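As stored in target30.cif (mmCIF, C-alpha atoms and all ligand atoms):
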data_structure
#
loop_
_atom_site.label_atom_id
_atom_site.label_comp_id
_atom_site.auth_asym_id
_atom_site.auth_seq_id
_atom_site.Cartn_x
_atom_site.Cartn_y
_atom_site.Cartn_z
CA MET E 1 31.17 23.84 -17.86
CA ALA E 2 33.29 20.81 -17.00
CA GLU E 3 31.77 17.36 -17.63
CA LYS E 4 30.72 15.94 -14.30
CA LYS E 5 30.41 12.18 -14.22
CA ASP E 6 27.44 10.53 -12.62
CA LYS E 7 27.79 7.92 -9.87
CA ILE E 8 25.58 4.89 -9.13
CA ILE E 9 24.26 4.81 -5.56
CA THR E 10 22.37 2.22 -3.51
CA TYR E 11 19.22 2.72 -1.50
CA GLN E 12 19.69 2.09 2.23
CA ILE E 13 17.23 -0.69 3.06
CA PRO E 14 16.62 -2.08 6.58
CA SER E 15 17.65 -5.74 6.91
CA PHE E 16 14.09 -6.79 7.78
CA PHE E 17 12.52 -5.29 4.63
CA PRO E 18 12.22 -7.44 1.51
CA LYS E 19 14.46 -6.86 -1.49
CA MET E 20 13.47 -3.83 -3.56
CA ASP E 21 12.67 -4.30 -7.24
CA ILE E 22 14.11 -1.44 -9.26
CA PRO E 23 13.33 -1.03 -12.97
CA ALA E 24 16.45 -1.73 -15.04
CA ASP E 25 16.22 1.68 -16.73
CA ASN E 26 16.08 3.56 -13.46
CA ILE E 27 18.97 2.37 -11.30
CA PRO E 28 19.58 5.16 -8.77
CA SER E 29 22.49 7.53 -9.27
CA GLU E 30 23.57 10.84 -7.79
CA ALA E 31 22.39 12.85 -10.80
CA ARG E 32 19.06 11.01 -11.04
CA MET E 33 18.44 11.65 -7.37
CA GLU E 34 19.38 15.32 -7.67
CA LEU E 35 17.17 15.80 -10.70
CA GLY E 36 14.24 14.00 -9.04
CA LYS E 37 14.52 16.13 -5.95
CA LYS E 38 14.75 19.33 -7.99
CA LEU E 39 11.58 18.38 -9.89
CA PHE E 40 9.75 17.33 -6.72
CA TYR E 41 10.23 20.83 -5.29
CA ASP E 42 9.84 22.88 -8.47
CA VAL E 43 6.77 25.11 -8.78
CA GLN E 44 7.21 25.10 -12.56
CA LEU E 45 5.35 21.79 -12.44
CA SER E 46 2.11 23.64 -11.66
CA LYS E 47 0.31 25.80 -14.19
CA ASN E 48 0.46 29.02 -12.18
CA GLN E 49 3.84 28.17 -10.66
CA THR E 50 2.43 28.15 -7.14
CA HIS E 51 2.78 24.51 -6.03
CA HIS E 52 5.22 21.66 -6.13
CA CYS E 53 4.88 18.03 -5.05
CA GLY E 54 6.23 18.98 -1.63
CA SER E 55 3.36 21.44 -1.09
CA CYS E 56 1.09 18.48 -0.38
CA HIS E 57 3.73 15.92 0.57
CA VAL E 58 5.72 17.51 3.43
CA VAL E 59 8.71 15.60 4.84
CA SER E 60 8.13 16.54 8.49
CA ALA E 61 4.65 15.00 8.23
CA ALA E 62 6.02 11.86 6.52
CA PHE E 63 5.06 13.39 3.16
CA THR E 64 1.45 14.26 4.04
CA ASP E 65 0.05 17.80 4.41
CA GLY E 66 -2.06 17.91 7.58
CA GLN E 67 -5.17 18.88 5.59
CA ARG E 68 -8.43 16.94 5.60
CA VAL E 69 -8.28 16.88 1.82
CA SER E 70 -5.58 18.60 -0.21
CA VAL E 71 -6.27 22.14 -1.33
CA ILE E 72 -4.64 23.89 -4.26
CA GLN E 73 -5.81 27.30 -5.41
CA GLU E 74 -9.23 27.12 -3.74
CA ASN E 75 -9.90 23.85 -5.58
CA SER E 76 -9.80 20.88 -3.30
CA VAL E 77 -8.96 17.40 -4.50
CA ASN E 78 -11.36 15.00 -2.85
CA ARG E 79 -8.81 12.95 -1.06
CA ASN E 80 -6.42 13.19 1.81
CA ALA E 81 -2.75 13.33 0.80
CA PRO E 82 -1.22 9.93 1.65
CA THR E 83 2.25 9.34 3.00
CA LEU E 84 4.87 8.49 0.36
CA VAL E 85 7.03 6.18 2.48
CA ASN E 86 8.12 2.75 1.26
CA LEU E 87 6.21 3.09 -2.02
CA ALA E 88 8.94 1.16 -3.83
CA TRP E 89 7.32 -1.99 -2.42
CA SER E 90 3.72 -1.03 -3.18
CA PRO E 91 2.29 -3.24 -5.93
CA TYR E 92 0.08 -0.38 -7.12
CA LEU E 93 -0.53 3.25 -6.24
CA MET E 94 -3.49 5.50 -5.39
CA ALA E 95 -6.40 4.64 -3.14
CA GLU E 96 -8.00 2.38 -5.77
CA GLY E 97 -4.70 1.02 -7.02
CA GLY E 98 -5.18 2.47 -10.50
CA VAL E 99 -1.51 3.23 -11.15
CA PRO E 100 1.01 0.38 -11.40
CA ASN E 101 4.28 2.11 -10.50
CA LEU E 102 6.03 5.30 -9.46
CA GLU E 103 7.23 6.10 -12.97
CA LEU E 104 3.64 6.34 -14.21
CA GLN E 105 2.27 7.93 -11.04
CA ALA E 106 4.02 11.27 -11.62
CA LEU E 107 1.82 11.91 -14.63
CA ALA E 108 -1.32 11.98 -12.49
CA PRO E 109 -0.74 15.13 -10.41
CA ILE E 110 0.71 17.03 -13.36
CA HIS E 111 -2.36 16.56 -15.56
CA GLU E 112 -4.99 16.53 -12.79
CA SER E 113 -6.94 19.78 -13.12
CA HIS E 114 -7.29 20.13 -9.35
CA GLU E 115 -3.57 19.70 -8.88
CA PHE E 116 -0.94 21.02 -11.28
CA ASN E 117 -3.23 21.35 -14.30
CA LEU E 118 -0.41 21.40 -16.82
CA SER E 119 0.15 19.16 -19.80
CA MET E 120 3.36 17.15 -19.97
CA GLN E 121 4.04 18.91 -23.29
CA GLU E 122 3.86 22.36 -21.68
CA LEU E 123 6.03 21.21 -18.81
CA ILE E 124 8.71 19.85 -21.12
CA LEU E 125 8.79 23.14 -23.04
CA ARG E 126 9.21 25.04 -19.78
CA LEU E 127 12.04 22.87 -18.52
CA GLN E 128 13.84 22.71 -21.87
CA GLU E 129 14.54 26.42 -21.58
CA ASN E 130 16.40 25.85 -18.36
CA GLU E 131 20.09 25.11 -18.86
CA GLU E 132 20.56 23.53 -15.45
CA TYR E 133 17.81 21.00 -16.19
CA GLN E 134 19.30 20.20 -19.56
CA LEU E 135 22.73 19.53 -18.06
CA LEU E 136 21.33 17.42 -15.24
CA SER E 137 19.13 15.47 -17.62
CA GLN E 138 22.08 14.62 -19.86
CA ARG E 139 24.19 13.63 -16.88
CA ALA E 140 21.42 11.49 -15.32
CA TYR E 141 19.80 9.81 -18.34
CA GLN E 142 22.04 10.81 -21.29
CA ARG E 143 19.19 12.53 -23.14
CA PRO E 144 17.42 15.90 -23.25
CA ILE E 145 14.73 16.46 -20.66
CA ASP E 146 11.46 14.83 -21.73
CA ALA E 147 8.60 12.81 -20.25
CA PHE E 148 10.84 9.74 -19.87
CA VAL E 149 13.34 11.70 -17.82
CA ILE E 150 10.81 13.63 -15.72
CA THR E 151 8.82 10.56 -14.65
CA ARG E 152 11.92 8.44 -14.00
CA ALA E 153 13.76 11.06 -11.98
CA LEU E 154 10.70 11.69 -9.78
CA ALA E 155 10.33 7.94 -9.23
CA CYS E 156 14.04 7.54 -8.48
CA PHE E 157 13.86 10.22 -5.78
CA GLN E 158 10.65 8.81 -4.28
CA ARG E 159 12.09 5.28 -4.03
CA SER E 160 14.55 6.71 -1.55
CA PHE E 161 11.70 7.48 0.88
CA ILE E 162 12.47 4.39 2.95
CA SER E 163 11.21 4.49 6.50
CA GLY E 164 12.03 1.62 8.86
CA ASP E 165 13.73 3.13 11.89
CA SER E 166 10.93 3.52 14.42
CA LYS E 167 10.88 2.45 18.06
CA PHE E 168 8.81 -0.54 16.89
CA ASP E 169 11.54 -1.59 14.46
CA ARG E 170 14.25 -1.29 17.07
CA VAL E 171 12.35 -3.24 19.73
CA TYR E 172 10.72 -5.84 17.48
CA TYR E 173 13.28 -6.51 14.76
CA LEU E 174 16.58 -5.36 16.22
CA LYS E 175 15.88 -6.40 19.84
CA GLN E 176 17.05 -3.03 21.10
CA GLY E 177 15.18 -1.53 24.08
CA ASN E 178 11.68 -2.30 25.29
CA PHE E 179 8.11 -1.17 24.87
CA SER E 180 6.41 0.52 27.83
CA ALA E 181 3.75 -1.62 29.53
CA SER E 182 1.00 0.22 27.64
CA GLU E 183 2.79 -0.07 24.26
CA GLN E 184 3.26 -3.80 24.85
CA ARG E 185 -0.44 -4.29 25.63
CA GLY E 186 -1.27 -2.28 22.50
CA PHE E 187 1.11 -4.47 20.47
CA ASP E 188 -0.60 -7.63 21.79
CA LEU E 189 -4.03 -6.23 20.91
CA PHE E 190 -2.92 -5.11 17.45
CA PHE E 191 -1.71 -8.61 16.60
CA SER E 192 -4.69 -10.37 18.25
CA GLU E 193 -7.65 -12.32 16.87
CA GLN E 194 -9.88 -9.91 18.75
CA THR E 195 -8.93 -6.81 16.74
CA GLN E 196 -7.52 -8.43 13.56
CA CYS E 197 -5.68 -5.15 12.87
CA SER E 198 -2.56 -6.98 11.66
CA SER E 199 -4.47 -9.17 9.20
CA CYS E 200 -4.87 -6.08 6.99
CA HIS E 201 -2.07 -3.88 8.37
CA ALA E 202 0.53 -6.64 8.00
CA LEU E 203 4.28 -6.65 8.63
CA PRO E 204 6.69 -5.26 7.73
CA PHE E 205 4.95 -2.29 6.06
CA PHE E 206 1.77 -2.43 8.13
CA THR E 207 -0.26 -3.11 5.03
CA SER E 208 -1.23 -6.24 3.10
CA TYR E 209 -2.02 -3.89 0.15
CA GLU E 210 -5.47 -5.50 0.02
CA PHE E 211 -8.58 -3.49 -0.69
CA ALA E 212 -11.24 -3.30 2.00
CA SER E 213 -14.23 -1.23 2.99
CA LEU E 214 -14.50 0.02 6.56
CA GLY E 215 -18.07 1.04 5.81
CA LEU E 216 -17.31 4.74 5.33
CA THR E 217 -19.99 6.37 3.18
CA ASP E 218 -19.06 9.65 1.49
CA GLY E 219 -19.89 8.90 -2.13
CA ASP E 220 -16.29 8.02 -3.00
CA GLU E 221 -16.61 4.72 -4.83
CA GLY E 222 -12.99 3.73 -4.31
CA LEU E 223 -12.04 0.50 -6.06
CA LYS E 224 -15.30 0.49 -8.02
CA ARG E 225 -13.92 3.43 -10.02
CA LYS E 226 -11.39 1.00 -11.41
CA THR E 227 -13.30 -2.29 -11.62
CA TYR E 228 -16.87 -0.99 -12.15
CA LEU E 229 -18.00 -3.83 -9.84
CA GLU E 230 -20.75 -2.93 -7.41
CA GLU E 231 -19.22 -4.97 -4.56
CA ASP E 232 -16.04 -2.87 -4.79
CA ALA E 233 -17.87 0.34 -3.86
CA GLY E 234 -16.18 1.99 -0.90
CA LYS E 235 -13.14 -0.30 -0.91
CA PHE E 236 -9.73 1.33 -0.56
CA LYS E 237 -6.15 0.16 -0.52
CA THR E 238 -5.11 -0.65 3.06
CA PRO E 239 -2.69 2.14 3.95
CA THR E 240 0.60 1.71 5.80
CA LEU E 241 0.49 2.70 9.46
CA ARG E 242 4.15 3.65 9.60
CA ASN E 243 4.47 7.22 10.97
CA ILE E 244 0.71 7.23 11.58
CA GLU E 245 1.03 9.57 14.60
CA ILE E 246 2.05 12.45 12.31
CA THR E 247 0.05 11.73 9.13
CA GLY E 248 -3.44 12.79 10.23
CA PRO E 249 -6.20 13.55 9.43
CA TYR E 250 -6.99 9.92 8.65
CA MET E 251 -8.73 7.84 5.95
CA HIS E 252 -8.98 8.58 2.21
CA ASN E 253 -11.29 11.50 2.98
CA GLY E 254 -9.51 12.77 6.08
CA SER E 255 -12.66 12.28 8.11
CA PHE E 256 -10.94 11.52 11.44
CA GLY E 257 -8.79 14.11 13.15
CA SER E 258 -7.10 11.88 15.72
CA LEU E 259 -6.04 8.30 16.35
CA VAL E 260 -8.44 8.14 19.29
CA GLU E 261 -11.32 8.82 16.87
CA VAL E 262 -10.05 6.10 14.52
CA ILE E 263 -9.93 3.55 17.35
CA GLU E 264 -13.45 4.57 18.49
CA PHE E 265 -14.64 4.05 14.92
CA TYR E 266 -13.16 0.53 14.71
CA ASN E 267 -14.42 -0.27 18.22
CA ALA E 268 -17.96 0.64 17.16
CA GLY E 269 -17.68 -1.76 14.21
CA GLY E 270 -16.91 0.77 11.46
CA GLY E 271 -19.42 2.64 9.32
CA PRO E 272 -22.77 1.71 7.74
CA GLY E 273 -21.46 1.06 4.18
CA ARG E 274 -22.90 -1.97 2.39
CA TYR E 275 -19.76 -3.83 1.38
CA LYS E 276 -17.95 -3.49 4.68
CA SER E 277 -15.32 -6.18 5.39
CA ASN E 278 -16.57 -8.93 7.71
CA LYS E 279 -13.49 -8.29 9.87
CA ILE E 280 -14.83 -4.88 10.85
CA ILE E 281 -17.10 -5.72 13.77
CA PRO E 282 -17.81 -4.14 17.20
CA MET E 283 -15.03 -4.92 19.66
CA SER E 284 -16.05 -3.60 23.10
CA LEU E 285 -12.53 -2.45 23.98
CA THR E 286 -12.09 -0.88 27.42
CA GLU E 287 -10.85 2.73 27.72
CA GLN E 288 -7.47 1.36 28.78
CA GLU E 289 -7.27 -0.91 25.72
CA LYS E 290 -8.06 1.98 23.39
CA GLN E 291 -5.28 4.02 24.96
CA ASP E 292 -2.92 1.05 24.68
CA LEU E 293 -3.61 0.69 20.96
CA VAL E 294 -2.88 4.38 20.43
CA ALA E 295 0.33 4.06 22.49
CA PHE E 296 1.42 1.17 20.27
CA LEU E 297 0.61 3.06 17.05
CA LYS E 298 2.82 5.91 18.26
CA THR E 299 5.83 3.56 18.35
CA LEU E 300 5.64 3.46 14.54
CA THR E 301 7.05 6.97 14.06
CA ASP E 302 10.47 7.11 12.41
CA TRP E 303 11.84 10.41 13.70
CA ASN E 304 15.14 10.05 11.86
CA PHE E 305 13.29 9.78 8.57
CA VAL E 306 11.02 12.79 9.04
CA GLN E 307 13.95 14.92 10.17
CA ASN E 308 16.25 13.84 7.34
CA ALA E 309 17.65 17.07 5.90
CA LYS E 310 18.53 15.35 2.61
CA LEU E 311 14.85 14.97 1.77
CA VAL E 312 13.92 18.58 2.43
CA ARG E 313 13.87 21.23 -0.28
CA SER E 314 17.34 22.65 -0.79
CA GLU E 315 17.43 26.43 -1.10
C1 LIG H 1 -2.68 19.24 -4.33
C2 LIG H 1 -1.91 18.35 -3.50
C3 LIG H 1 -0.98 17.36 -4.18
C4 LIG H 1 0.08 17.64 -5.00
C5 LIG H 1 0.54 18.99 -5.51
C6 LIG H 1 0.70 16.36 -5.29
N1 LIG H 1 0.03 15.36 -4.65
FE1 LIG H 1 0.53 13.39 -4.65
N2 LIG H 1 -1.24 12.95 -3.83
C7 LIG H 1 -2.16 13.87 -3.36
C8 LIG H 1 -3.39 13.16 -3.00
C9 LIG H 1 -4.66 13.80 -2.44
C10 LIG H 1 -3.19 11.79 -3.30
C11 LIG H 1 -4.18 10.62 -3.13
C12 LIG H 1 -4.85 10.45 -4.48
C13 LIG H 1 -5.73 9.26 -4.58
O1 LIG H 1 -5.52 8.25 -3.91
O2 LIG H 1 -6.65 9.32 -5.41
C14 LIG H 1 -1.80 11.69 -3.79
C15 LIG H 1 -1.19 10.49 -4.16
C16 LIG H 1 0.14 10.39 -4.51
C17 LIG H 1 0.87 9.14 -4.67
C18 LIG H 1 0.30 7.73 -4.47
C19 LIG H 1 0.57 7.26 -3.08
C20 LIG H 1 -0.02 5.91 -2.75
O3 LIG H 1 0.08 5.49 -1.60
O4 LIG H 1 -0.61 5.27 -3.62
C21 LIG H 1 2.15 9.46 -5.04
C22 LIG H 1 3.29 8.52 -5.33
C23 LIG H 1 2.21 10.92 -5.13
N3 LIG H 1 0.99 11.43 -4.77
C24 LIG H 1 3.32 11.63 -5.53
C25 LIG H 1 3.24 12.97 -5.94
C26 LIG H 1 4.25 13.63 -6.76
C27 LIG H 1 5.51 12.99 -7.31
C28 LIG H 1 3.80 14.91 -6.95
C29 LIG H 1 4.44 15.98 -7.82
C30 LIG H 1 4.65 15.61 -9.22
C31 LIG H 1 2.53 15.03 -6.22
N4 LIG H 1 2.24 13.83 -5.63
C32 LIG H 1 1.81 16.21 -6.11
C33 LIG H 1 -1.97 15.22 -3.26
C34 LIG H 1 -1.03 15.91 -3.98
C1 LIG H 2 -10.32 -5.37 6.80
C2 LIG H 2 -9.00 -4.81 6.84
C3 LIG H 2 -8.65 -3.88 7.98
C4 LIG H 2 -8.64 -4.15 9.33
C5 LIG H 2 -9.04 -5.42 10.04
C6 LIG H 2 -8.15 -2.94 9.98
N1 LIG H 2 -7.90 -1.98 9.04
FE1 LIG H 2 -7.22 -0.13 9.43
N2 LIG H 2 -7.54 0.40 7.48
C7 LIG H 2 -7.97 -0.45 6.50
C8 LIG H 2 -8.26 0.30 5.31
C9 LIG H 2 -8.75 -0.25 3.97
C10 LIG H 2 -8.03 1.65 5.63
C11 LIG H 2 -8.21 2.87 4.71
C12 LIG H 2 -9.68 3.23 4.63
C13 LIG H 2 -9.95 4.54 3.92
O1 LIG H 2 -9.02 5.24 3.53
O2 LIG H 2 -11.11 4.87 3.79
C14 LIG H 2 -7.56 1.67 7.00
C15 LIG H 2 -7.18 2.80 7.68
C16 LIG H 2 -6.64 2.83 8.98
C17 LIG H 2 -6.07 3.98 9.61
C18 LIG H 2 -5.91 5.35 8.97
C19 LIG H 2 -4.72 5.34 8.04
C20 LIG H 2 -4.49 6.62 7.30
O3 LIG H 2 -3.35 6.84 6.86
O4 LIG H 2 -5.41 7.42 7.10
C21 LIG H 2 -5.65 3.59 10.86
C22 LIG H 2 -4.95 4.44 11.90
C23 LIG H 2 -5.98 2.19 10.98
N3 LIG H 2 -6.57 1.76 9.82
C24 LIG H 2 -5.71 1.41 12.11
C25 LIG H 2 -6.27 0.15 12.30
C26 LIG H 2 -6.32 -0.53 13.58
C27 LIG H 2 -5.73 0.01 14.88
C28 LIG H 2 -6.97 -1.70 13.38
C29 LIG H 2 -7.41 -2.72 14.39
C30 LIG H 2 -8.27 -2.20 15.45
C31 LIG H 2 -7.32 -1.75 11.96
N4 LIG H 2 -6.87 -0.62 11.35
C32 LIG H 2 -7.98 -2.81 11.35
C33 LIG H 2 -8.09 -1.83 6.61
C34 LIG H 2 -8.20 -2.49 7.82
#
As a first step, turn the structure in this file into structure tokens.
Ligand code: HEC
Ligand code: HEC
Amino acid sequence: MAEKKDKIITYQIPSFFPKMDIPADNIPSEARMELGKKLFYDVQLSKNQTHHCGSCHVVSAAFTDGQRVSVIQENSVNRNAPTLVNLAWSPYLMAEGGVPNLELQALAPIHESHEFNLSMQELILRLQENEEYQLLSQRAYQRPIDAFVITRALACFQRSFISGDSKFDRVYYLKQGNFSASEQRGFDLFFSEQTQCSSCHALPFFTSYEFASLGLTDGDEGLKRKTYLEEDAGKFKTPTLRNIEITGPYMHNGSFGSLVEVIEFYNAGGGPGRYKSNKIIPMSLTEQEKQDLVAFLKTLTDWNFVQNAKLVRSE
């Protein structure tokens, strides 16, 4: 087979997003991207060859899966599959922030017994037998396929999940078009002292990445799993709200089926949990205001991103 040379590429980043930090050993290239995508959609990553990353992270749902909690072979993981957009800017990953970057994150689902349940060693042996992987690995990282290559290629592909082309972005940042009257009222409420939504769901990613408890009580200790501090029980990383219309069910445990339910929950002052944030208090929103907030949240959907054929599994 003829030597095919690799080519460096650049991620397409909206002008109003901050600069992206990319690890020096994982500058994106065509071959790295191709390899990462191939791995993301390869069932060989799961023990019984039934699932791939894209089974739980579906592009058309902004890389979520529509399930309350993710299910794989009648085992359910206890958490709702989060969106994977704009993770290049996330200072840590997972609901309790236990994983520092995308390169290391890929190890979690592979080993996790409720997910792929395969050891990295077994996976490497599987992929080494595949000539196409060996060629791609050499082309992308100039070495045989191993844990270094697998984790980097997956991270390289996932850094390209950049979503910043919603109606909100066009109206707010690019000054193109207008909100409807209801969307505008929802925008004003979202950024108001009354709701404080934007103090946690901050621009431009609609998250400050801070940990907070909304008072949900389901036994999931959240941040306490990492810090072992009692006051961190029930605290979770503030999630992005980009594409929120299509990423339900909501919350780490998928306990709310619709945005209306989420707004009702906030309006009632959240749940009974002990370490609830002092920003989560009853709001007495009118029916119209609740609808306006939902209308605003629906402007955060980036239809071009979720319909991007380049991200979908290639046959
Ligand atoms: C069985 C369904 C399932 C599969 C398969 C799966 N994931 Fe996930 N993924 C989840 C769930 C659930 C979480 C949330 C875990 C948590 O916070 O504890 C998650 C979290 C993540 C996160 C962290 C996101 C964030 O905001 O912190 C990344 C990145 C990710 N997955 C990528 C992958 C990759 C890459 C693969 C394939 C190697 C994969 N996932 C396979 C269900 C799945
Ligand atoms: C104190 C910080 C804080 C404030 C204020 C706040 N949120 Fe949240 N929000 C969070 C956290 C943390 C979560 C995730 C909780 C979990 O997973 O259990 C969340 C989750 C959500 C979700 C579900 C996201 C998903 O992907 O499942 C929506 C929607 C949401 N918030 C909207 C709002 C709106 C609208 C407001 C204002 C009325 C608001 N939030 C105010 C911190 C906050």
**Message:** One number please: atom CA of Thr227 of chain E to atom C12 of ligand LIG 1 (chain H), in Å, one decimal.
**Reply:** 16.9 Å
**Prompt:** Of the candidates E:Gln128, E:Ser119, E:Ser160, E:Thr207, which one gets nearest to Tyr11 of chain E if we count only C-alpha atoms?
**Reply:**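 Among the listed residues, the smallest separation from Tyr11 of chain E belongs to E:Ser160.
Taking all atoms listed in the file into account, those protein, DNA and RNA residues with any atom at most 8 Å away from (-19.9, -3.4, 2.4) amount to E:Ser213, E:Leu214, E:Gly215, E:Glu231, E:Ala233, E:Gly234, E:Pro272, E:Gly273, E:Arg274, E:Tyr275, E:Lys276, E:Ser277.
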Store the residues of this selection in a file with C-alpha atoms, as a PDB file, keeping the file's coordinate frame.
ATOM      1  CA  SER E 213     -14.230  -1.230   2.990  1.00  0.00           C
ATOM      2  CA  LEU E 214     -14.500   0.020   6.560  1.00  0.00           C
ATOM      3  CA  GLY E 215     -18.070   1.040   5.810  1.00  0.00           C
ATOM      4  CA  GLU E 231     -19.220  -4.970  -4.560  1.00  0.00           C
ATOM      5  CA  ALA E 233     -17.870   0.340  -3.860  1.00  0.00           C
ATOM      6  CA  GLY E 234     -16.180   1.990  -0.900  1.00  0.00           C
ATOM      7  CA  PRO E 272     -22.770   1.710   7.740  1.00  0.00           C
ATOM      8  CA  GLY E 273     -21.460   1.060   4.180  1.00  0.00           C
ATOM      9  CA  ARG E 274     -22.900  -1.970   2.390  1.00  0.00           C
ATOM     10  CA  TYR E 275     -19.760  -3.830   1.380  1.00  0.00           C
ATOM     11  CA  LYS E 276     -17.950  -3.490   4.680  1.00  0.00           C
ATOM     12  CA  SER E 277     -15.320  -6.180   5.390  1.00  0.00           C
TER      13      SER E 277
END
Can I get the residues of segment 236-276 of chain E within 12 Å of segment 55-59 of chain E, each with the closest pair of atoms and their distance in Å to one decimal, using all atoms listed in the file, sorted chain first then ascending number, as CSV?
residue,atom,partner,partner_atom,distance
E:Asn243,CA,E:Val59,CA,11.2
E:Ile246,CA,E:Val59,CA,10.5
E:Thr247,CA,E:Val58,CA,9.9
Please determine an axis-aligned box that encloses all atoms of segment 211-219 of chain E listed in the file, with 6 Å added on each side, and express its centre and edge lengths in Å to one decimal as JSON.
{"center_x": -14.3, "center_y": 3.1, "center_z": 2.2, "size_x": 23.4, "size_y": 25.1, "size_z": 20.7}
**Item:** Within 12 Å of file point (18.6, 15.4, -19.3), counting all atoms listed in the file, expressed as JSON, numbers by chain
**Value:** {"E": [31, 32, 34, 35, 36, 124, 127, 128, 129, 130, 131, 132, 133, 134, 135, 136, 137, 138, 139, 140, 141, 142, 143, 144, 145, 146, 147, 148, 149, 150, 151, 152, 153]}
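Note that atom CA of Ser258 of chain E and atom C26 of ligand LIG 1 (chain H) are 25.2 Å apart.
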**Asked** Mind listing the residues within 6 Å of ligand LIG 1 (chain H), all atoms listed in the file counted, as a PyMOL selection string?
**Response** chain E and resi 40+51-53+55-56+70-72+77+79-82+84+93-95+102+105-106+109-110+115+154
**Request:** Using atom C5 of ligand LIG 2 (chain H) and atom CA of Ser198 of chain E as the two end points, give the distance in Å to one decimal.
**Result:** 6.9 Å
If we count only C-alpha atoms, what is near Pro23 of chain E at a cut-off of 12 Å, once residues fewer than 4 positions away on the same chain are taken out, given as a PDB file with C-alpha atoms, keeping the file's coordinate frame?
ATOM      1  CA  ILE E  27      18.970   2.370 -11.300  1.00  0.00           C
ATOM      2  CA  PRO E  28      19.580   5.160  -8.770  1.00  0.00           C
ATOM      3  CA  ALA E  88       8.940   1.160  -3.830  1.00  0.00           C
ATOM      4  CA  ASN E 101       4.280   2.110 -10.500  1.00  0.00           C
ATOM      5  CA  LEU E 102       6.030   5.300  -9.460  1.00  0.00           C
ATOM      6  CA  GLU E 103       7.230   6.100 -12.970  1.00  0.00           C
ATOM      7  CA  ARG E 152      11.920   8.440 -14.000  1.00  0.00           C
ATOM      8  CA  ALA E 155      10.330   7.940  -9.230  1.00  0.00           C
ATOM      9  CA  CYS E 156      14.040   7.540  -8.480  1.00  0.00           C
ATOM     10  CA  ARG E 159      12.090   5.280  -4.030  1.00  0.00           C
TER      11      ARG E 159
END
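The closest residue to Asp220 of chain E, picked from E:Arg126, E:Lys310, E:Leu241, E:Glu96 and counting only C-alpha atoms, is E:Glu96.
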**Request:** Could you give me, as a list in words, the residues within 9 Å of Glu183 of chain E, counting all atoms listed in the file and dropping anything in the same chain fewer than 4 positions from it?
**Result:** Phe179, Phe187, Asp188, Asp292, Leu293, Val294, Ala295, Phe296, Leu297, Lys298 and Thr299 of chain E
**Request:** Rank nothing, just name the residue among E:Pro18, E:Gly54, E:Gly222, E:Gly164 nearest to ligand LIG 2 (chain H), using all atoms listed in the file.
**Result:**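 Using all atoms listed in the file, ligand LIG 2 (chain H) sits closest to E:Gly222.
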**Asked** Given the choices E:Arg313, E:Lys167, E:Arg225, E:Arg68, which gets closest to ligand LIG 2 (chain H) if the distance is worked out from only C-alpha atoms and all ligand atoms?
**Response**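 Looking only at the distances to ligand LIG 2 (chain H), the closest residue turns out to be E:Arg68.
If only C-alpha atoms and all ligand atoms are the atoms counted, then among E:Asp302, E:Asp6, E:Glu122, E:Glu245 the closest residue to ligand LIG 2 (chain H) is E:Glu245.
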